[in-house]
Amino acid sequence: MTHGAEMESELPMASSLDRLRMLLPPPEVAPAPQPWEDVERRLGVALPNDYKEFMETYGGGTIEEFLIFLAYSQSFEAAMGWKGRDLEEIRMSPEDVFPGGVVEEDKVNLLPWAYTIDGDVCYWLMDPREDPDQWRVVSRERDMEWNFFGGGMMEFLVEITSGRRREPWFPDDFLRGSSCFKATA
């Protein structure tokens, strides 16, 4: 068992956010209040509550300067520009899209929430679209290999920071020991 998993087991009944705080200490200075209503209106879809809780606790930033979070509430235009470029890249290889993933212009059901410096991406599979707290995490490696996680964003972060889950796209030294979050916004 990794050190992170030992720490996380000390809070078996705690919320995912509380477990994540223990595994990945948030910045000392809390981010500014987030304009969620405006962000969701502009996106055209509600966002999962765990993402909003994460952003209200951590803000935009990185884990180990490798996994970079899209902060729709802090830099909407930059996040949307990145999202558009990513979808165009996927559309160039439609045969490689995750089973159940739709990237057609008016039917997109993949919404990115993080990416890596190596070009890997974490998405929500927006199903059902009207219930974002039910969305599951799907990740795409830069070579278009897809991985499914049967939980939400916060659960995914708890699993990877505790060491219970390793994605094939992680570098060998990523999250091997204590984890560090660095705010960027």
# chains A, B, ... in the order shown; residues from 1 in each chain; ligands from 1
>>> residues_around(residues="region 41-50 of chain A", least_positions_apart="2", cutoff="6 Å", atoms="only C-alpha atoms", output="PDB file with N, CA and C atoms, in the first residue's frame")
ATOM      1  N   ASP A  38     -23.054  31.715 -14.854  1.00  0.00           N
ATOM      2  CA  ASP A  38     -22.606  32.296 -16.120  1.00  0.00           C
ATOM      3  C   ASP A  38     -21.814  31.279 -16.946  1.00  0.00           C
ATOM      4  N   VAL A  39     -20.913  30.545 -16.300  1.00  0.00           N
ATOM      5  CA  VAL A  39     -20.099  29.539 -16.997  1.00  0.00           C
ATOM      6  C   VAL A  39     -20.994  28.474 -17.616  1.00  0.00           C
ATOM      7  N   LYS A  52     -17.086  21.586  -9.481  1.00  0.00           N
ATOM      8  CA  LYS A  52     -17.249  22.915  -8.883  1.00  0.00           C
ATOM      9  C   LYS A  52     -16.603  22.966  -7.497  1.00  0.00           C
ATOM     10  N   GLU A  53     -16.786  21.906  -6.701  1.00  0.00           N
ATOM     11  CA  GLU A  53     -16.153  21.845  -5.378  1.00  0.00           C
ATOM     12  C   GLU A  53     -14.632  21.864  -5.504  1.00  0.00           C
ATOM     13  N   PRO A 132     -25.275  15.936 -14.617  1.00  0.00           N
ATOM     14  CA  PRO A 132     -23.809  15.924 -14.628  1.00  0.00           C
ATOM     15  C   PRO A 132     -23.169  15.178 -13.461  1.00  0.00           C
ATOM     16  N   ASP A 133     -23.886  15.001 -12.361  1.00  0.00           N
ATOM     17  CA  ASP A 133     -23.299  14.269 -11.245  1.00  0.00           C
ATOM     18  C   ASP A 133     -23.228  12.766 -11.512  1.00  0.00           C
ATOM     19  N   MET A 154     -13.844  13.682  -8.991  1.00  0.00           N
ATOM     20  CA  MET A 154     -13.236  13.689  -7.659  1.00  0.00           C
ATOM     21  C   MET A 154     -12.829  12.270  -7.247  1.00  0.00           C
TER      22      MET A 154
END
>>> residues_around(residues="Lys182 (chain A)", least_positions_apart="5", cutoff="8 Å", atoms="only C-alpha atoms", output="list of chain:residue names")
A:Pro27, A:Gly61, A:Thr62, A:Ile63, A:Glu64, A:Glu65
>>> write_last_selection(atoms="C-alpha atoms", output="compact mmCIF listing (two decimals), in the first residue's frame")
# COMPACT_ATOMS: atom_id res chain seq x y z
CA PRO A 27 -3.31 25.91 -2.00
CA GLY A 61 -3.65 24.45 -11.62
CA THR A 62 -1.65 21.29 -12.03
CA ILE A 63 -0.82 18.09 -10.20
CA GLU A 64 2.93 17.54 -10.27
CA GLU A 65 3.13 20.05 -13.15
>>> select_by_dssp(residues="region 24-126 of chain A", states="helix (DSSP H, G or I)", output="ChimeraX atom specification")
/A:36-43,49-57,76-91,94-96
>>> residues_around(residues="Ser16 (chain A)", least_positions_apart="4", cutoff="8 Å", atoms="only C-alpha atoms", output="PyMOL selection string")
chain A and resi 20+154-155+158
>>> decode(residues="region 65-162 of chain A", atoms="C-alpha atoms", output="PDB file, in the first residue's frame")
ATOM      1  CA  GLU A  65       3.131  20.050 -13.152  1.00  0.00           C
ATOM      2  CA  PHE A  66       1.869  17.222 -15.385  1.00  0.00           C
ATOM      3  CA  LEU A  67      -1.939  17.004 -15.118  1.00  0.00           C
ATOM      4  CA  ILE A  68      -3.398  20.424 -15.963  1.00  0.00           C
ATOM      5  CA  PHE A  69      -6.990  21.325 -15.058  1.00  0.00           C
ATOM      6  CA  LEU A  70      -9.220  23.265 -17.428  1.00  0.00           C
ATOM      7  CA  ALA A  71     -10.614  26.111 -15.346  1.00  0.00           C
ATOM      8  CA  TYR A  72     -13.789  27.002 -17.249  1.00  0.00           C
ATOM      9  CA  SER A  73     -14.709  29.433 -14.464  1.00  0.00           C
ATOM     10  CA  GLN A  74     -11.381  31.289 -14.429  1.00  0.00           C
ATOM     11  CA  SER A  75     -10.378  31.442 -18.088  1.00  0.00           C
ATOM     12  CA  PHE A  76     -13.437  30.477 -20.113  1.00  0.00           C
ATOM     13  CA  GLU A  77     -12.139  31.582 -23.512  1.00  0.00           C
ATOM     14  CA  ALA A  78      -8.828  29.752 -23.097  1.00  0.00           C
ATOM     15  CA  ALA A  79     -10.592  26.578 -21.929  1.00  0.00           C
ATOM     16  CA  MET A  80     -13.076  26.729 -24.806  1.00  0.00           C
ATOM     17  CA  GLY A  81     -10.283  27.311 -27.323  1.00  0.00           C
ATOM     18  CA  TRP A  82      -8.422  24.292 -25.996  1.00  0.00           C
ATOM     19  CA  LYS A  83     -11.647  22.218 -26.044  1.00  0.00           C
ATOM     20  CA  GLY A  84     -12.317  23.157 -29.684  1.00  0.00           C
ATOM     21  CA  ARG A  85      -8.811  22.218 -30.819  1.00  0.00           C
ATOM     22  CA  ASP A  86      -9.037  18.912 -28.953  1.00  0.00           C
ATOM     23  CA  LEU A  87     -12.377  17.991 -30.558  1.00  0.00           C
ATOM     24  CA  GLU A  88     -10.996  18.814 -34.003  1.00  0.00           C
ATOM     25  CA  GLU A  89      -8.091  16.455 -33.348  1.00  0.00           C
ATOM     26  CA  ILE A  90     -10.484  13.668 -32.356  1.00  0.00           C
ATOM     27  CA  ARG A  91     -12.717  14.297 -35.373  1.00  0.00           C
ATOM     28  CA  MET A  92      -9.736  13.612 -37.633  1.00  0.00           C
ATOM     29  CA  SER A  93      -9.828   9.958 -36.423  1.00  0.00           C
ATOM     30  CA  PRO A  94     -13.533   9.207 -35.826  1.00  0.00           C
ATOM     31  CA  GLU A  95     -12.891   5.469 -35.947  1.00  0.00           C
ATOM     32  CA  ASP A  96     -10.758   5.837 -32.814  1.00  0.00           C
ATOM     33  CA  VAL A  97     -13.410   7.526 -30.645  1.00  0.00           C
ATOM     34  CA  PHE A  98     -14.285   5.846 -27.349  1.00  0.00           C
ATOM     35  CA  PRO A  99     -17.292   3.484 -27.702  1.00  0.00           C
ATOM     36  CA  GLY A 100     -20.251   5.639 -26.736  1.00  0.00           C
ATOM     37  CA  GLY A 101     -18.300   8.826 -27.382  1.00  0.00           C
ATOM     38  CA  VAL A 102     -19.876  11.249 -29.851  1.00  0.00           C
ATOM     39  CA  VAL A 103     -17.888  14.114 -31.367  1.00  0.00           C
ATOM     40  CA  GLU A 104     -20.307  15.268 -34.087  1.00  0.00           C
ATOM     41  CA  GLU A 105     -20.761  19.044 -33.920  1.00  0.00           C
ATOM     42  CA  ASP A 106     -24.261  19.209 -32.377  1.00  0.00           C
ATOM     43  CA  LYS A 107     -24.137  15.927 -30.444  1.00  0.00           C
ATOM     44  CA  VAL A 108     -20.815  16.041 -28.580  1.00  0.00           C
ATOM     45  CA  ASN A 109     -20.969  14.079 -25.322  1.00  0.00           C
ATOM     46  CA  LEU A 110     -17.320  14.393 -24.277  1.00  0.00           C
ATOM     47  CA  LEU A 111     -16.284  17.441 -22.257  1.00  0.00           C
ATOM     48  CA  PRO A 112     -12.593  17.775 -21.324  1.00  0.00           C
ATOM     49  CA  TRP A 113     -11.689  18.772 -17.770  1.00  0.00           C
ATOM     50  CA  ALA A 114      -7.923  18.142 -17.716  1.00  0.00           C
ATOM     51  CA  TYR A 115      -5.009  17.356 -19.989  1.00  0.00           C
ATOM     52  CA  THR A 116      -1.343  16.479 -19.618  1.00  0.00           C
ATOM     53  CA  ILE A 117       1.835  18.033 -20.912  1.00  0.00           C
ATOM     54  CA  ASP A 118       2.160  14.917 -23.098  1.00  0.00           C
ATOM     55  CA  GLY A 119      -1.196  15.367 -24.860  1.00  0.00           C
ATOM     56  CA  ASP A 120      -3.373  12.938 -22.866  1.00  0.00           C
ATOM     57  CA  VAL A 121      -6.868  14.191 -21.953  1.00  0.00           C
ATOM     58  CA  CYS A 122      -9.447  13.520 -19.211  1.00  0.00           C
ATOM     59  CA  TYR A 123     -13.116  13.968 -20.181  1.00  0.00           C
ATOM     60  CA  TRP A 124     -16.536  13.573 -18.733  1.00  0.00           C
ATOM     61  CA  LEU A 125     -18.766  11.214 -20.682  1.00  0.00           C
ATOM     62  CA  MET A 126     -21.884  13.420 -20.535  1.00  0.00           C
ATOM     63  CA  ASP A 127     -24.443  10.656 -20.108  1.00  0.00           C
ATOM     64  CA  PRO A 128     -27.078  11.462 -19.103  1.00  0.00           C
ATOM     65  CA  ARG A 129     -26.466  15.003 -20.292  1.00  0.00           C
ATOM     66  CA  GLU A 130     -29.060  16.491 -17.933  1.00  0.00           C
ATOM     67  CA  ASP A 131     -27.487  14.891 -14.807  1.00  0.00           C
ATOM     68  CA  PRO A 132     -23.809  15.924 -14.628  1.00  0.00           C
ATOM     69  CA  ASP A 133     -23.299  14.269 -11.245  1.00  0.00           C
ATOM     70  CA  GLN A 134     -23.725  10.921 -13.037  1.00  0.00           C
ATOM     71  CA  TRP A 135     -21.039  11.635 -15.644  1.00  0.00           C
ATOM     72  CA  ARG A 136     -18.113   9.226 -15.679  1.00  0.00           C
ATOM     73  CA  VAL A 137     -14.467   9.884 -16.474  1.00  0.00           C
ATOM     74  CA  VAL A 138     -12.929   8.794 -19.754  1.00  0.00           C
ATOM     75  CA  SER A 139      -9.295   9.457 -20.573  1.00  0.00           C
ATOM     76  CA  ARG A 140      -7.621   9.505 -23.961  1.00  0.00           C
ATOM     77  CA  GLU A 141      -3.970   8.812 -24.454  1.00  0.00           C
ATOM     78  CA  ARG A 142      -2.208  10.908 -27.066  1.00  0.00           C
ATOM     79  CA  ASP A 143      -2.198   7.880 -29.406  1.00  0.00           C
ATOM     80  CA  MET A 144      -6.034   7.665 -29.204  1.00  0.00           C
ATOM     81  CA  GLU A 145      -6.223   4.768 -26.727  1.00  0.00           C
ATOM     82  CA  TRP A 146      -9.190   5.316 -24.402  1.00  0.00           C
ATOM     83  CA  ASN A 147      -9.643   4.342 -20.729  1.00  0.00           C
ATOM     84  CA  PHE A 148     -12.918   4.326 -18.782  1.00  0.00           C
ATOM     85  CA  PHE A 149     -13.314   5.033 -15.063  1.00  0.00           C
ATOM     86  CA  GLY A 150     -16.682   4.190 -13.508  1.00  0.00           C
ATOM     87  CA  GLY A 151     -16.815   7.243 -11.267  1.00  0.00           C
ATOM     88  CA  GLY A 152     -16.729  11.012 -11.291  1.00  0.00           C
ATOM     89  CA  MET A 153     -13.816  13.428 -11.409  1.00  0.00           C
ATOM     90  CA  MET A 154     -13.236  13.689  -7.659  1.00  0.00           C
ATOM     91  CA  GLU A 155     -13.347   9.891  -7.218  1.00  0.00           C
ATOM     92  CA  PHE A 156     -10.862   9.559 -10.081  1.00  0.00           C
ATOM     93  CA  LEU A 157      -8.499  12.059  -8.434  1.00  0.00           C
ATOM     94  CA  VAL A 158      -8.748  10.253  -5.076  1.00  0.00           C
ATOM     95  CA  GLU A 159      -7.967   6.946  -6.784  1.00  0.00           C
ATOM     96  CA  ILE A 160      -4.924   8.242  -8.656  1.00  0.00           C
ATOM     97  CA  THR A 161      -3.477  10.316  -5.797  1.00  0.00           C
ATOM     98  CA  SER A 162      -3.896   7.401  -3.362  1.00  0.00           C
TER      99      SER A 162
END
